[in-house]
Amino acid sequence: MLKKFHPFYLLSRSAIYIILTAGLVFTLLPFVYVFLASFKTNAELLRVPPTFIPEKPIIENYTTVLSDSQISLTRIFYNSGMVAIVRTLLTLLISSFAGYIFARYRFTGKNLFFGMILAQLMIPFQVVMIPIYLLTVKMGLIDTLWALIIPMLIDAYGIFVAKQFVEGLPGEVMEAARIDGASEFGIYWRIVLPQLGPALASLGIFTFMASWNDYLWPLIIITSPEKRTIPLLLVWYSTQHGANQGLVLAASILTLIPIFVVYFLAQRWIVEQSTQSAFK
Amino acid sequence: MKRLSLALLIVFSLVLAGCSPNTTPTESAAKQPAATESVASPAATGGEKIVIRVWGHQNNSFNQAHQDIINKFMEENPNVEIKFETFPWDVFIQTIQTSLPAGQVADIIEMPGGMGLRYAKGGQLLEVPAEVMTLDRARETYFEAPLGGYVYDGKLYGLPIEFNLEYGGAYVNEEMFKAAGLPYPPQWKGWDEVIADAKKLTKFDSSNAMEVAGLHYTNNDQLYTYFLSGILEQGGQYFAEDGKHFNFNTPQALAVVQKMVDMAQKDKVVDPVTYNAESNWVGTSFAQKLTAIAVLGSWFTGEARITYPDLKFDYVKLPPFMGDQYKFTSVSGWGVVVTKYTQHPEIAWKLAAAMAADPENALHFNLTTGTIPAMKQVANDSRLSEKYPFMKDLVTILPYGVFQGDIVDPSQLEFDIIYPNLIQAIQGIITPEQAVQNIHEEANAMVDNAK
Amino acid sequence: MNALFTRALLEWIGTHEGGRLTASQRRFAFWGLVPILIWVFVFVLFPIFWVILLSLFSYTPIREGGWFLGLGGNNPFVGLGNYVELFTGSTKAARIFRQAIGNTFLFSLLAVPLSVGTALPVAIALESVHERVKSSFRLIYFLPVITGSVAVTIIWQYVYAPNWGLLSQLMKTIGLTPPRSWLSDPTQVYFGIPLAMLAVTIVYVWVTFGYNTLLFIAALQGVPAVFREAARIDGANSWQEFWHIVIPLLRRTILLASVLTVISTLQQFVLFQLLTRGGPAYQTQTILLSVYQNAFVYSENMGMAAAMSIFLFIILFVLTIIQFRLLRTEWEY
């Protein structure tokens, strides 16, 4: 192994910390400002010039959002979470399964099929959004949560990564299992899948975040209030309470809390995995 | 390995089974009866409640008024459950557009004025049944301008709930008038006087940035309405001979634009960069006391009384914009339509009639929202002018209103063609001549493109 | 017929790594792949064919069309009419679209140097500090990446609010005069860059900053120390070394980050839709906004929106090919 490069001597200690602090302020200031503002009264929010720290902090904005009968935050979280989890799990299963078949079975037309799947990488969703909308309508899926899952189920990139990964696994173990009478699916399920963990983790994180934060496609497909996802709810809520911005800020922060908590718990893992994928 | 292929087949068919709209993950997992399920099942009988979905746009006073009428209806019809769902304005326009042709749509839609025609033409709406309202009866019941947006090919496709009037009135702030030493309430004889007052009310800060706009007239609905109305006031026309194309290349159109530009550039009663449809919206900036005279429809009264209970204001009549004769266009007015996909047309029409054809409910709606009645009978009801003294004045100009006409895509004409060009002219980015020329070309290209 | 087809396919699927496939193995591979291929056909290949077809018709779903995908009939075939209109026509949609092409590229051009220029120095600084400090900074820099774009726009509306917003207020505190408006003033154009576009780009950089930083950290960690030693022996000082050895080694990462940024800017929707809605005076109108508006907001233009999608497709296609090239050569020093 080569020693890692350290640009340690490039910058002076103070220059390093000036850069890092500047980055920190840039990143955090908008969050902090809005977080503090969510504890202001409406009158204080409208004041010119504005205050930075609330004069008389109140928590009514939060309690009002949480007790608002017009919206059910649990329902909305359930929708977003359910869609993201189902979509992520299915994508991971399908990607690893297809990756395994493409890596371990030789058959006529394999390259053709693989090419068909890879074509998806060339065709971003936004480009085929119109026909997929028309298709969703024809299938009767419009205004269902399945419409947020099914058209996104298969990820060519994921299949590609899984295939590369399975090709790197030693074949002997699989052969031995086969001789021991393991079924083909058993080999995939018990031998291949457990070893795909690291490759699937980054894919999973990306799929989950893409689903959780998607706005454009749900905007087109979802109409029923009880099927709204978090981004749709936030836009609805900010119109509903255009005159009471404190509520909008509180609602936004409430929707951020769960994802931030998960992030802080799993951060080392998330941060490492998510850049890996760019290189694979 | 039969078991395996079978298992895979089951998984796949489960995924496909998800294709039917009745099984979403939420519905199967959460044991609540979901809306679509009951709507989709044909004629729910027995103990099942019939579910009717109603869509509206987000507006506190509109929503409250509708909810009152809906609650009353549900009390009287215990077998019916009504789901009233609202959307932000632009999401609402898009949602109608994406769901109506798809057939996955509410039973009743509170339709923005003028947009109903498009869907009536497309065959997406049900004709009003004769027992609810005939066209002849509708002509007696409603004003011509709002009704115009629901009549296509001699048939009636919906019922108006308000008379869209973005013309002839403005909100004034008493405090600011008094502070500037101006008579209150203002009694303007002509727009010269309006502008003169506005100049005195406008305030700049030390860096010459506008602190208070004397006269906010640069909202999209206002520029659109005053542009079309201004042409008519001068005796001009905006439709071409064939009644489908437009003719905006007229001296009358140019005169209107010139006046709008001068008010901002010469009289400086508004900063069109910071006060327009996107920034410092007229209603909000009036409530925040950043605008002294706000040109806006009376419908904001209801909204303002709910949202800004401490705000003190009056709504006053404005003189004709371009001359001494009132003449104005209306995009018709909000109304209710029933989509052809409803499973329960009788109940849907019963509810639609309760919302728009029952004089007491119509009055309740106009009373709650401060909108101008579409129903002639309601317009002269004393209860209305008691709550809104300005109504007495405003109803006198209603006879001068005409429906804007059958326009291919009224929202495109307003938001994408007329407003952007006018605001750019007012901001001084393009000349008034260019603005008129652009509007002329773009509007006609829209007509040609739609064929 | 169906059975015959199935058997033909089963015959087709020949061997696995170990040798010839048994019948059960064939069946496994077959049933595993067929649903996936059907899906790819239904949701990828067929739609791209469909969107190309749509772009040749004057189409809107409101009108009843012919039997095949609702094309024909009231939705007439127009040949290349939509494309001709887009690039030479005078409809509002076409004019705005032509403006949107320029805006979209401007956005990419602004985003690339701003993203690289902020992320690279921070990555170098981060690589120079202790692991503990590094990981807590990294933790915070990554927060905007996981914040949903809608929440991002709500937050930044407070930063950009005219007069009383955070940014204007900060400028006033240090004695500067803030612009009248950050997002709605069409007259504020600096060196051909509208202020509103710059403002949206900064939000975009804010969101992606943490991600790009990590990309560069990973690349810096991959630079072998042997190069450093070589430079040292030649007597180069550290900055020379940095410019002549590290930067060339990072060139591919910088290029890759740039291409990834360009691809993601072309697909950006939420920031524009919720911060500026394409305004002021269409200065922030992008290709994707035009596609969305013409397909789903205005009624008569779905065919034209399809033609716009094809244009977007061609650009993205070229960029994706470049990205693949770069990825293939990544890490080959």
# chains A, B, ... in the order shown; residues from 1 in each chain; ligands from 1
>>> residues_around(residues="segment 96-103 of chain C", least_positions_apart="6", cutoff="8 Å", atoms="only C-alpha atoms", output="list in words")
Leu86, Phe87, Tyr282, Gln283, Thr284, Gln285, Thr286, Ile287 and Ser290 of chain C
>>> closest_atom_pairs(of="chain A", to="chain B", cutoff="6 Å", atoms="only C-alpha atoms", output="CSV")
residue,atom,partner,partner_atom,distance
A:Val137,CA,B:Ala102,CA,5.6
A:Gly140,CA,B:Pro21,CA,5.6
A:Leu141,CA,B:Pro21,CA,5.3
A:Thr144,CA,B:Thr24,CA,5.8
A:Leu145,CA,B:Thr24,CA,5.7
A:Trp146,CA,B:Thr24,CA,5.9
A:Trp236,CA,B:Pro88,CA,5.9
A:Thr239,CA,B:Pro88,CA,5.9
>>> select_by_dssp(residues="segment 85-201 of chain B", states="helix (DSSP H, G or I)", output="MDAnalysis selection string")
chainID B and resid 89:99 116:121 135:141 144:148 174:179 191:201
>>> select_by_dssp(residues="segment 43-207 of chain C", states="strand (DSSP E)", output="list in words")
Val189, Tyr190, Ile193 and Pro194 of chain C
>>> closest_atom_pairs(of="segment 331-366 of chain B", to="segment 388-401 of chain B", cutoff="12 Å", atoms="only C-alpha atoms", output="tab-separated table")
residue	atom	partner	partner_atom	distance
B:Val331	CA	B:Gly401	CA	10.1
B:Ser332	CA	B:Gly401	CA	9.6
B:Gly333	CA	B:Gly401	CA	11.9
B:Asn366	CA	B:Tyr388	CA	10.1
>>> closest_residue(among="A:Pro124, A:Gly197, A:Gly81, A:Pro57", to="Met209 of chain A", atoms="only C-alpha atoms")
A:Gly81
>>> closest_residue(among="A:Ser183, A:Gln245, A:Ser72, A:Thr88", to="Gln25 of chain C", atoms="only C-alpha atoms")
A:Ser183
>>> closest_atom_pairs(of="chain B", to="chain C", cutoff="7 Å", atoms="only C-alpha atoms", output="JSON lines")
{"residue": "B:Met1", "atom": "CA", "partner": "C:Ser24", "partner_atom": "CA", "distance": 5.8}
{"residue": "B:Ser5", "atom": "CA", "partner": "C:Trp31", "partner_atom": "CA", "distance": 6.3}
{"residue": "B:Ile93", "atom": "CA", "partner": "C:Val297", "partner_atom": "CA", "distance": 6.6}
{"residue": "B:Gln94", "atom": "CA", "partner": "C:Val297", "partner_atom": "CA", "distance": 4.6}
{"residue": "B:Gln97", "atom": "CA", "partner": "C:Val297", "partner_atom": "CA", "distance": 6.3}
{"residue": "B:Thr98", "atom": "CA", "partner": "C:Phe296", "partner_atom": "CA", "distance": 6.0}
{"residue": "B:Pro101", "atom": "CA", "partner": "C:Ile62", "partner_atom": "CA", "distance": 5.3}
{"residue": "B:Gly122", "atom": "CA", "partner": "C:Ile62", "partner_atom": "CA", "distance": 5.7}
{"residue": "B:Ala209", "atom": "CA", "partner": "C:Arg180", "partner_atom": "CA", "distance": 6.8}
{"residue": "B:Val273", "atom": "CA", "partner": "C:Asp185", "partner_atom": "CA", "distance": 5.3}
{"residue": "B:Thr274", "atom": "CA", "partner": "C:Ser181", "partner_atom": "CA", "distance": 6.4}
{"residue": "B:Ser279", "atom": "CA", "partner": "C:Ser184", "partner_atom": "CA", "distance": 6.6}
{"residue": "B:Gln412", "atom": "CA", "partner": "C:Tyr298", "partner_atom": "CA", "distance": 6.5}
{"residue": "B:Ile417", "atom": "CA", "partner": "C:Lys92", "partner_atom": "CA", "distance": 7.0}
{"residue": "B:Pro420", "atom": "CA", "partner": "C:Ala281", "partner_atom": "CA", "distance": 6.7}
{"residue": "B:Gln424", "atom": "CA", "partner": "C:Ala281", "partner_atom": "CA", "distance": 6.8}
{"residue": "B:Glu442", "atom": "CA", "partner": "C:Thr91", "partner_atom": "CA", "distance": 5.2}
{"residue": "B:Ala445", "atom": "CA", "partner": "C:Thr91", "partner_atom": "CA", "distance": 5.0}
{"residue": "B:Met446", "atom": "CA", "partner": "C:Thr91", "partner_atom": "CA", "distance": 6.3}
{"residue": "B:Ala450", "atom": "CA", "partner": "C:Glu300", "partner_atom": "CA", "distance": 5.9}
>>> write_last_selection(atoms="C-alpha atoms", output="PDB file, in the first residue's frame")
ATOM      1  CA  MET B   1     -37.223 -25.588  -8.798  1.00  0.00           C
ATOM      2  CA  SER B   5     -40.276 -19.946 -10.238  1.00  0.00           C
ATOM      3  CA  ILE B  93     -53.983  24.503 -12.213  1.00  0.00           C
ATOM      4  CA  GLN B  94     -51.479  21.733 -12.929  1.00  0.00           C
ATOM      5  CA  GLN B  97     -54.575  19.605 -16.132  1.00  0.00           C
ATOM      6  CA  THR B  98     -52.908  16.294 -15.248  1.00  0.00           C
ATOM      7  CA  PRO B 101     -57.818  13.899 -18.828  1.00  0.00           C
ATOM      8  CA  GLY B 122     -62.670  18.606 -24.264  1.00  0.00           C
ATOM      9  CA  ALA B 209     -35.253  52.280  -2.236  1.00  0.00           C
ATOM     10  CA  VAL B 273     -39.208  45.501  -9.576  1.00  0.00           C
ATOM     11  CA  THR B 274     -39.977  44.871  -5.944  1.00  0.00           C
ATOM     12  CA  SER B 279     -42.449  39.839  -5.045  1.00  0.00           C
ATOM     13  CA  GLN B 412     -51.639  31.120 -20.638  1.00  0.00           C
ATOM     14  CA  ILE B 417     -48.268  36.350 -22.410  1.00  0.00           C
ATOM     15  CA  PRO B 420     -44.840  39.152 -18.429  1.00  0.00           C
ATOM     16  CA  GLN B 424     -41.290  44.157 -18.433  1.00  0.00           C
ATOM     17  CA  GLU B 442     -47.640  35.540 -28.922  1.00  0.00           C
ATOM     18  CA  ALA B 445     -49.385  32.145 -32.132  1.00  0.00           C
ATOM     19  CA  MET B 446     -51.175  30.519 -29.191  1.00  0.00           C
ATOM     20  CA  ALA B 450     -54.024  25.134 -30.741  1.00  0.00           C
TER      21      ALA B 450
END
>>> decode(residues="segment 119-132 of chain C", atoms="all heavy atoms", output="short mmCIF file (atom, residue, chain, number, x, y, z; two decimals), in the first residue's frame")
data_model
loop_
_atom_site.label_atom_id
_atom_site.label_comp_id
_atom_site.auth_asym_id
_atom_site.auth_seq_id
_atom_site.Cartn_x
_atom_site.Cartn_y
_atom_site.Cartn_z
N ALA C 119 -15.42 23.66 -3.01
CA ALA C 119 -15.23 22.33 -2.43
C ALA C 119 -13.76 21.93 -2.37
O ALA C 119 -13.32 21.33 -1.38
CB ALA C 119 -16.03 21.30 -3.21
N LEU C 120 -12.98 22.28 -3.37
CA LEU C 120 -11.58 21.84 -3.41
C LEU C 120 -10.74 22.44 -2.27
O LEU C 120 -10.07 21.70 -1.55
CB LEU C 120 -10.97 22.12 -4.79
CG LEU C 120 -9.58 21.56 -5.04
CD1 LEU C 120 -9.54 20.06 -4.82
CD2 LEU C 120 -9.10 21.88 -6.45
N PRO C 121 -10.77 23.77 -2.07
CA PRO C 121 -9.99 24.31 -0.95
C PRO C 121 -10.42 23.71 0.39
O PRO C 121 -9.58 23.40 1.23
CB PRO C 121 -10.31 25.82 -0.96
CG PRO C 121 -10.90 26.09 -2.28
CD PRO C 121 -11.44 24.84 -2.83
N VAL C 122 -11.73 23.56 0.56
CA VAL C 122 -12.21 23.01 1.83
C VAL C 122 -11.73 21.57 1.99
O VAL C 122 -11.33 21.14 3.08
CB VAL C 122 -13.75 23.11 1.92
CG1 VAL C 122 -14.27 22.34 3.12
CG2 VAL C 122 -14.18 24.56 2.01
N ALA C 123 -11.73 20.83 0.89
CA ALA C 123 -11.27 19.44 0.96
C ALA C 123 -9.79 19.40 1.36
O ALA C 123 -9.39 18.58 2.19
CB ALA C 123 -11.48 18.75 -0.38
N ILE C 124 -8.99 20.30 0.78
CA ILE C 124 -7.56 20.34 1.11
C ILE C 124 -7.37 20.71 2.57
O ILE C 124 -6.61 20.07 3.30
CB ILE C 124 -6.82 21.34 0.19
CG1 ILE C 124 -6.79 20.78 -1.23
CG2 ILE C 124 -5.42 21.59 0.70
CD1 ILE C 124 -6.32 21.76 -2.26
N ALA C 125 -8.14 21.72 3.03
CA ALA C 125 -8.04 22.12 4.42
C ALA C 125 -8.44 20.97 5.33
O ALA C 125 -7.81 20.69 6.35
CB ALA C 125 -8.92 23.35 4.67
N LEU C 126 -9.51 20.28 4.96
CA LEU C 126 -10.00 19.17 5.79
C LEU C 126 -8.98 18.04 5.86
O LEU C 126 -8.79 17.42 6.91
CB LEU C 126 -11.30 18.62 5.19
CG LEU C 126 -12.61 19.15 5.74
CD1 LEU C 126 -13.77 18.38 5.15
CD2 LEU C 126 -12.64 19.05 7.26
N GLU C 127 -8.29 17.78 4.74
CA GLU C 127 -7.31 16.71 4.71
C GLU C 127 -6.11 17.05 5.59
O GLU C 127 -5.30 16.19 5.90
CB GLU C 127 -6.85 16.47 3.27
CG GLU C 127 -7.61 15.38 2.56
CD GLU C 127 -7.51 14.04 3.27
OE1 GLU C 127 -6.46 13.39 3.13
OE2 GLU C 127 -8.45 13.64 3.97
N SER C 128 -5.99 18.34 5.93
CA SER C 128 -4.81 18.77 6.68
C SER C 128 -5.02 18.76 8.18
O SER C 128 -4.11 19.04 8.93
CB SER C 128 -4.40 20.19 6.25
OG SER C 128 -4.44 20.30 4.86
N VAL C 129 -6.27 18.50 8.61
CA VAL C 129 -6.50 18.56 10.06
C VAL C 129 -6.67 17.15 10.63
O VAL C 129 -6.81 16.17 9.90
CB VAL C 129 -7.75 19.41 10.40
CG1 VAL C 129 -7.50 20.85 10.01
CG2 VAL C 129 -8.98 18.85 9.73
N HIS C 130 -6.69 17.12 11.93
CA HIS C 130 -6.79 15.86 12.65
C HIS C 130 -8.10 15.13 12.33
O HIS C 130 -9.13 15.77 12.12
CB HIS C 130 -6.69 16.13 14.15
CG HIS C 130 -6.57 14.90 14.96
ND1 HIS C 130 -7.65 14.22 15.45
CD2 HIS C 130 -5.47 14.19 15.35
CE1 HIS C 130 -7.23 13.15 16.11
NE2 HIS C 130 -5.92 13.11 16.06
N GLU C 131 -8.04 13.84 12.32
CA GLU C 131 -9.19 13.00 11.96
C GLU C 131 -10.47 13.37 12.71
O GLU C 131 -11.55 13.45 12.14
CB GLU C 131 -8.82 11.54 12.20
CG GLU C 131 -9.84 10.53 11.66
CD GLU C 131 -10.02 10.61 10.16
OE1 GLU C 131 -9.03 10.87 9.44
OE2 GLU C 131 -11.15 10.43 9.69
N ARG C 132 -10.33 13.65 14.01
CA ARG C 132 -11.50 13.98 14.85
C ARG C 132 -12.19 15.24 14.36
O ARG C 132 -13.39 15.27 14.11
CB ARG C 132 -11.03 14.23 16.29
CG ARG C 132 -11.21 13.05 17.19
CD ARG C 132 -12.20 13.38 18.31
NE ARG C 132 -12.29 12.23 19.20
CZ ARG C 132 -11.44 12.05 20.21
NH1 ARG C 132 -10.52 12.95 20.49
NH2 ARG C 132 -11.54 10.98 20.97
#
